[in-house]
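Chemist: Input file: run-v6.cif. Contents: mmCIF, C-alpha atoms.
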```cif
data_query
#
loop_
_atom_site.label_atom_id
_atom_site.label_comp_id
_atom_site.auth_asym_id
_atom_site.auth_seq_id
_atom_site.Cartn_x
_atom_site.Cartn_y
_atom_site.Cartn_z
CA MET A 1 0.00 0.00 0.00
CA ILE A 2 2.76 2.45 0.93
CA SER A 3 4.81 1.72 -2.19
CA ASN A 4 1.67 2.21 -4.31
CA TYR A 5 1.11 5.57 -2.59
CA TYR A 6 4.65 6.78 -3.33
CA PHE A 7 4.47 5.40 -6.86
CA LEU A 8 1.28 7.40 -7.48
CA ASN A 9 2.94 10.64 -6.30
CA VAL A 10 6.00 10.01 -8.48
CA ILE A 11 3.77 9.38 -11.50
CA ARG A 12 1.80 12.57 -10.77
CA PHE A 13 5.02 14.57 -10.41
CA VAL A 14 6.52 13.33 -13.68
CA LEU A 15 3.31 13.56 -15.70
CA LEU A 16 2.50 17.07 -14.51
CA VAL A 17 6.03 18.26 -15.33
CA LEU A 18 5.82 16.69 -18.78
CA VAL A 19 2.34 18.05 -19.49
CA GLN A 20 3.38 21.53 -18.34
CA VAL A 21 6.62 21.59 -20.30
CA LEU A 22 5.49 19.88 -23.49
CA ILE A 23 1.96 21.25 -23.82
CA PHE A 24 1.05 24.20 -21.62
CA ASN A 25 4.31 26.14 -21.89
CA ARG A 26 3.69 26.31 -25.64
CA LEU A 27 0.16 27.72 -25.26
CA ASN A 28 -0.32 31.46 -25.16
CA PHE A 29 -3.96 32.46 -25.13
CA PHE A 30 -4.33 36.11 -26.20
CA GLY A 31 -0.54 36.37 -26.29
CA PHE A 32 0.06 36.32 -22.52
CA ILE A 33 -2.11 33.68 -20.79
CA ASN A 34 0.00 30.62 -20.08
CA PRO A 35 -1.82 28.08 -17.80
CA MET A 36 0.26 26.45 -15.07
CA VAL A 37 -1.40 23.12 -14.27
CA TYR A 38 1.57 21.67 -12.36
CA ILE A 39 0.11 23.38 -9.28
CA LEU A 40 -2.19 20.36 -9.07
CA PHE A 41 0.69 18.37 -7.56
CA LEU A 42 0.76 20.78 -4.62
CA TYR A 43 -3.02 20.59 -4.36
CA TRP A 44 -3.15 16.78 -4.48
CA TYR A 45 -0.18 16.19 -2.18
CA PRO A 46 -1.33 14.47 1.05
CA ILE A 47 -2.04 16.74 3.99
CA LYS A 48 -0.38 14.79 6.79
CA GLU A 49 2.96 14.13 5.12
CA ASN A 50 6.34 15.48 6.27
CA ARG A 51 6.33 19.24 5.68
CA ALA A 52 10.07 19.50 5.01
CA ALA A 53 9.81 16.78 2.35
CA PHE A 54 6.83 18.60 0.84
CA ILE A 55 8.75 21.87 0.61
CA GLY A 56 11.71 19.99 -0.91
CA LEU A 57 9.47 18.32 -3.48
CA SER A 58 7.89 21.69 -4.24
CA PHE A 59 11.33 23.10 -4.92
CA LEU A 60 12.18 20.15 -7.20
CA LEU A 61 8.89 20.60 -9.05
CA GLY A 62 9.52 24.30 -9.58
CA PHE A 63 13.15 23.67 -10.49
CA ALA A 64 12.17 21.04 -13.07
CA ILE A 65 9.71 23.46 -14.69
CA ASP A 66 12.32 26.25 -14.55
CA PHE A 67 14.96 24.01 -16.10
CA PHE A 68 12.84 23.23 -19.13
CA SER A 69 11.22 26.67 -19.37
CA ASP A 70 14.35 28.78 -18.86
CA THR A 71 12.64 31.00 -16.28
CA MET A 72 15.47 31.52 -13.76
CA ALA A 73 13.88 30.01 -10.60
CA LEU A 74 10.57 31.86 -10.84
CA HIS A 75 8.59 28.64 -10.64
CA ALA A 76 10.78 27.29 -7.84
CA ALA A 77 10.27 30.41 -5.72
CA SER A 78 6.52 30.35 -6.35
CA THR A 79 6.07 26.68 -5.53
CA VAL A 80 8.17 26.88 -2.38
CA THR A 81 6.13 29.90 -1.25
CA ILE A 82 2.79 28.14 -1.62
CA ALA A 83 4.20 24.96 -0.06
CA TYR A 84 5.29 26.99 2.94
CA ILE A 85 1.99 28.84 3.43
CA ARG A 86 -0.25 25.90 2.48
CA PRO A 87 -1.11 25.11 6.15
CA ALA A 88 -2.26 28.70 6.69
CA ILE A 89 -4.41 28.56 3.55
CA MET A 90 -5.86 25.23 4.69
CA ARG A 91 -6.62 26.62 8.14
CA PHE A 92 -8.38 29.56 6.48
CA VAL A 93 -10.45 27.39 4.12
CA PHE A 94 -11.16 24.30 6.23
CA GLY A 95 -10.88 25.74 9.73
CA VAL A 96 -9.33 23.54 12.38
CA ASN A 97 -10.88 20.44 10.77
CA PHE A 98 -7.81 19.78 8.63
CA GLU A 99 -5.65 19.27 11.74
CA PHE A 100 -7.51 16.06 12.64
CA GLN A 101 -5.88 12.79 11.63
CA SER A 102 -8.94 11.59 9.73
CA PHE A 103 -9.27 14.70 7.53
CA LYS A 104 -9.09 14.12 3.79
CA LEU A 105 -9.47 16.67 1.03
CA SER A 106 -11.99 14.42 -0.69
CA ASN A 107 -14.26 14.55 2.40
CA SER A 108 -14.59 18.35 2.26
CA THR A 109 -17.25 20.19 0.28
CA GLN A 110 -16.66 21.07 -3.35
CA VAL A 111 -16.82 24.79 -2.54
CA GLN A 112 -14.00 24.36 0.00
CA GLN A 113 -11.92 22.39 -2.50
CA ILE A 114 -12.36 25.04 -5.21
CA THR A 115 -11.60 27.84 -2.74
CA PHE A 116 -8.44 26.04 -1.61
CA LEU A 117 -7.28 25.52 -5.20
CA THR A 118 -8.13 29.12 -6.11
CA LEU A 119 -6.10 30.51 -3.21
CA LEU A 120 -3.13 28.29 -4.07
CA ILE A 121 -3.27 29.49 -7.68
CA LEU A 122 -3.65 33.17 -6.77
CA VAL A 123 -0.74 33.14 -4.31
CA HIS A 124 1.44 31.21 -6.76
CA HIS A 125 0.68 33.57 -9.63
CA LEU A 126 1.06 36.68 -7.50
CA VAL A 127 4.55 35.59 -6.43
CA PHE A 128 5.45 34.40 -9.94
CA PHE A 129 4.39 37.52 -11.84
CA THR A 130 5.67 39.91 -9.18
CA LEU A 131 9.11 38.31 -9.50
CA GLU A 132 8.85 38.16 -13.29
CA ILE A 133 7.96 41.84 -13.75
CA PHE A 134 9.79 43.01 -10.60
CA SER A 135 8.39 46.52 -10.67
CA LEU A 136 5.65 48.05 -8.57
CA ALA A 137 5.15 50.66 -11.28
CA ASN A 138 3.57 47.89 -13.35
CA PHE A 139 1.22 46.68 -10.62
CA LEU A 140 -1.79 46.70 -12.95
CA LEU A 141 0.09 44.50 -15.42
CA VAL A 142 0.88 42.07 -12.59
CA LEU A 143 -2.76 42.09 -11.53
CA LYS A 144 -3.95 41.54 -15.12
CA LYS A 145 -1.61 38.59 -15.59
CA VAL A 146 -2.50 37.09 -12.19
CA LEU A 147 -6.24 37.26 -12.84
CA ALA A 148 -6.16 36.15 -16.48
CA THR A 149 -3.64 33.34 -16.07
CA GLY A 150 -5.17 32.36 -12.73
CA THR A 151 -8.60 31.99 -14.30
CA ALA A 152 -7.25 29.85 -17.15
CA THR A 153 -5.22 27.76 -14.69
CA LEU A 154 -8.21 27.27 -12.39
CA ILE A 155 -10.47 26.15 -15.25
CA LEU A 156 -7.90 23.67 -16.56
CA CYS A 157 -7.08 22.38 -13.06
CA LEU A 158 -10.77 21.81 -12.36
CA LEU A 159 -11.09 19.96 -15.68
CA PHE A 160 -8.05 17.80 -14.91
CA GLY A 161 -9.29 17.23 -11.38
CA SER A 162 -12.68 16.04 -12.55
CA LEU A 163 -11.13 13.96 -15.31
CA PHE A 164 -8.75 12.08 -13.01
CA SER A 165 -10.79 11.96 -9.82
CA VAL A 166 -11.94 8.73 -8.25
CA ARG A 167 -15.71 8.55 -8.20
CA LYS A 168 -17.45 7.68 -4.95
CA ASP A 169 -20.46 5.38 -5.35
#
```
As C-alpha cells, please, write out the structure in this file.

Modeler:
Amino acid sequence: MISNYYFLNVIRFVLLVLVQVLIFNRLNFFGFINPMVYILFLYWYPIKENRAAFIGLSFLLGFAIDFFSDTMALHAASTVTIAYIRPAIMRFVFGVNFEFQSFKLSNSTQVQQITFLTLLILVHHLVFFTLEIFSLANFLLVLKKVLATGTATLILCLLFGSLFSVRKD
C-alpha cells in the first residue's frame, strides 16, 4: 500500500512536469495567458505528510519546470512559497478540521476544495508575476496577468481534477 502511494505521487510529479513543459508552456492564449497546471501536484499532495519533504518536493517541481522553461527560478520560488503557506491557507479554508488525523481533502465540500485551489493558484501567480515583472510601477500589469492566467489555470485544473478523480459510489 505504501509503495503504491509513493508510486502514485512520483507518477503525478513526472506527468504534470511533462504536461506543463510539453503542452502548456507552448500555449499562449491572447498572447500572454499561459496556464500552469503543475500546481495540481501541490493541491493533491497528502495533507499529513512530512512538511520538510513537501517543501523539498515543491522546490524540485519548480526547479524542473524552470529548467525546461528557462525561467530563472521563478517557478521554484513560487512553488516553495505556496508549499510553505499551504497550512495557513488550509486553516483559512477548512478551519481547524484539517488538523484532525482523519481529515481528507476528498471529504470536504466542493466549494471548499475550489476555494483552496483558487487561493493556491492566486498566491502562486502573485509571487510568480511579481518576480517576473519586478516593478511596482507595473502593478496593474501584474494584476492583469494574475487574474487572467489564474482563471485559465483554475479552469484547466478543475477539468483535470474532474477527469482524473476517483468517483465515490

Chemist: Assuming the chain letters and numbering stay as they are in my file, what does the PyMOL selection byres ((chain A and resi 38) around 9) actually select? List them as a PyMOL selection string.

Modeler: chain A and resi 13+15-17+19-20+36-37+39-42+61-62+65+157

Chemist: Report the closest atom pair, with its distance in Å rounded to one decimal, for each residue of stretch 28-99 of chain A that has an atom no farther than 12 Å from stretch 111-121 of chain A; count only C-alpha atoms, sort by chain and then rising residue number, and write it as JSON lines.

Modeler:
```
{"residue": "A:Pro35", "atom": "CA", "partner": "A:Ile121", "partner_atom": "CA", "distance": 10.3}
{"residue": "A:Met36", "atom": "CA", "partner": "A:Ile121", "partner_atom": "CA", "distance": 8.7}
{"residue": "A:Val37", "atom": "CA", "partner": "A:Ile121", "partner_atom": "CA", "distance": 9.4}
{"residue": "A:Tyr38", "atom": "CA", "partner": "A:Ile121", "partner_atom": "CA", "distance": 10.3}
{"residue": "A:Ile39", "atom": "CA", "partner": "A:Ile121", "partner_atom": "CA", "distance": 7.2}
{"residue": "A:Leu40", "atom": "CA", "partner": "A:Leu117", "partner_atom": "CA", "distance": 8.2}
{"residue": "A:Phe41", "atom": "CA", "partner": "A:Leu117", "partner_atom": "CA", "distance": 11.0}
{"residue": "A:Leu42", "atom": "CA", "partner": "A:Leu120", "partner_atom": "CA", "distance": 8.5}
{"residue": "A:Tyr43", "atom": "CA", "partner": "A:Leu117", "partner_atom": "CA", "distance": 6.6}
{"residue": "A:Trp44", "atom": "CA", "partner": "A:Leu117", "partner_atom": "CA", "distance": 9.7}
{"residue": "A:Ser78", "atom": "CA", "partner": "A:Ile121", "partner_atom": "CA", "distance": 9.9}
{"residue": "A:Thr79", "atom": "CA", "partner": "A:Leu120", "partner_atom": "CA", "distance": 9.5}
{"residue": "A:Val80", "atom": "CA", "partner": "A:Leu120", "partner_atom": "CA", "distance": 11.5}
{"residue": "A:Thr81", "atom": "CA", "partner": "A:Leu120", "partner_atom": "CA", "distance": 9.8}
{"residue": "A:Ile82", "atom": "CA", "partner": "A:Leu120", "partner_atom": "CA", "distance": 6.4}
{"residue": "A:Ala83", "atom": "CA", "partner": "A:Leu120", "partner_atom": "CA", "distance": 9.0}
{"residue": "A:Tyr84", "atom": "CA", "partner": "A:Leu120", "partner_atom": "CA", "distance": 11.0}
{"residue": "A:Ile85", "atom": "CA", "partner": "A:Leu120", "partner_atom": "CA", "distance": 9.1}
{"residue": "A:Arg86", "atom": "CA", "partner": "A:Leu120", "partner_atom": "CA", "distance": 7.5}
{"residue": "A:Pro87", "atom": "CA", "partner": "A:Phe116", "partner_atom": "CA", "distance": 10.7}
{"residue": "A:Ala88", "atom": "CA", "partner": "A:Phe116", "partner_atom": "CA", "distance": 10.7}
{"residue": "A:Ile89", "atom": "CA", "partner": "A:Phe116", "partner_atom": "CA", "distance": 7.0}
{"residue": "A:Met90", "atom": "CA", "partner": "A:Phe116", "partner_atom": "CA", "distance": 6.9}
{"residue": "A:Arg91", "atom": "CA", "partner": "A:Phe116", "partner_atom": "CA", "distance": 9.9}
{"residue": "A:Phe92", "atom": "CA", "partner": "A:Phe116", "partner_atom": "CA", "distance": 8.8}
{"residue": "A:Val93", "atom": "CA", "partner": "A:Phe116", "partner_atom": "CA", "distance": 6.2}
{"residue": "A:Phe94", "atom": "CA", "partner": "A:Gln112", "partner_atom": "CA", "distance": 6.8}
{"residue": "A:Gly95", "atom": "CA", "partner": "A:Gln112", "partner_atom": "CA", "distance": 10.3}
{"residue": "A:Asn97", "atom": "CA", "partner": "A:Gln112", "partner_atom": "CA", "distance": 11.9}
{"residue": "A:Phe98", "atom": "CA", "partner": "A:Gln112", "partner_atom": "CA", "distance": 11.6}
```

Chemist: What would the selection look like, as a PyMOL selection string, if the PyMOL selection byres ((chain A and resi 143-149) around 7) were run on the coordinates I just shared?

Modeler: chain A and resi 33-35+122+125-126+129+139-142+150-153

Chemist: Mind pulling up the distance from atom CA of A:Phe103 to atom CA of A:Ser3?

Modeler: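 Between these atoms lies a distance of 21.5 Å.
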
Chemist: What is the distance between atom CA of A:Tyr5 and atom CA of A:Pro46, in Å to one decimal?

Modeler: 9.9 Å

Chemist: Calculated over only C-alpha atoms, which of the candidates A:Phe68, A:Phe7, A:Lys48, A:Phe54 has the smallest distance to A:Asn25?

Modeler: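 Under the stated criterion, the closest residue is A:Phe68.
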
Chemist: By how many Å are atom CA of A:Gly161 and atom CA of A:Gln110 apart?

Modeler: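 Calculated distance between atom CA of A:Gly161 and atom CA of A:Gln110 is 11.6 Å.
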
Chemist: Applying the PyMOL selection byres ((chain A and resi 69-71) around 10) to the file I just gave you, which residues come out? Please list them as number ranges by chain.

Modeler: A: 20-22, 25-26, 62-68, 72-76, 132

Chemist: For the residues selected in the previous step, produce a file with C-alpha atoms as an mmCIF file, in the coordinates of the input.

Modeler:
```cif
data_model
loop_
_atom_site.group_PDB
_atom_site.id
_atom_site.type_symbol
_atom_site.label_atom_id
_atom_site.label_comp_id
_atom_site.auth_asym_id
_atom_site.auth_seq_id
_atom_site.Cartn_x
_atom_site.Cartn_y
_atom_site.Cartn_z
ATOM 1 C CA GLN A 20 3.380 21.530 -18.340
ATOM 2 C CA VAL A 21 6.620 21.590 -20.300
ATOM 3 C CA LEU A 22 5.490 19.880 -23.490
ATOM 4 C CA ASN A 25 4.310 26.140 -21.890
ATOM 5 C CA ARG A 26 3.690 26.310 -25.640
ATOM 6 C CA GLY A 62 9.520 24.300 -9.580
ATOM 7 C CA PHE A 63 13.150 23.670 -10.490
ATOM 8 C CA ALA A 64 12.170 21.040 -13.070
ATOM 9 C CA ILE A 65 9.710 23.460 -14.690
ATOM 10 C CA ASP A 66 12.320 26.250 -14.550
ATOM 11 C CA PHE A 67 14.960 24.010 -16.100
ATOM 12 C CA PHE A 68 12.840 23.230 -19.130
ATOM 13 C CA MET A 72 15.470 31.520 -13.760
ATOM 14 C CA ALA A 73 13.880 30.010 -10.600
ATOM 15 C CA LEU A 74 10.570 31.860 -10.840
ATOM 16 C CA HIS A 75 8.590 28.640 -10.640
ATOM 17 C CA ALA A 76 10.780 27.290 -7.840
ATOM 18 C CA GLU A 132 8.850 38.160 -13.290
#
```

Chemist: Enclose the full set of atoms of stretch 12-21 of chain A listed in the file within a box whose edges lie along x, y and z, apply 8 Å of padding to each of the six sides, and report centre and edge lengths in Å to one decimal as lines of an AutoDock Vina configuration file.

Modeler:
```
center_x = 4.2
center_y = 17.1
center_z = -15.4
size_x = 20.8
size_y = 25.0
size_z = 25.9
```
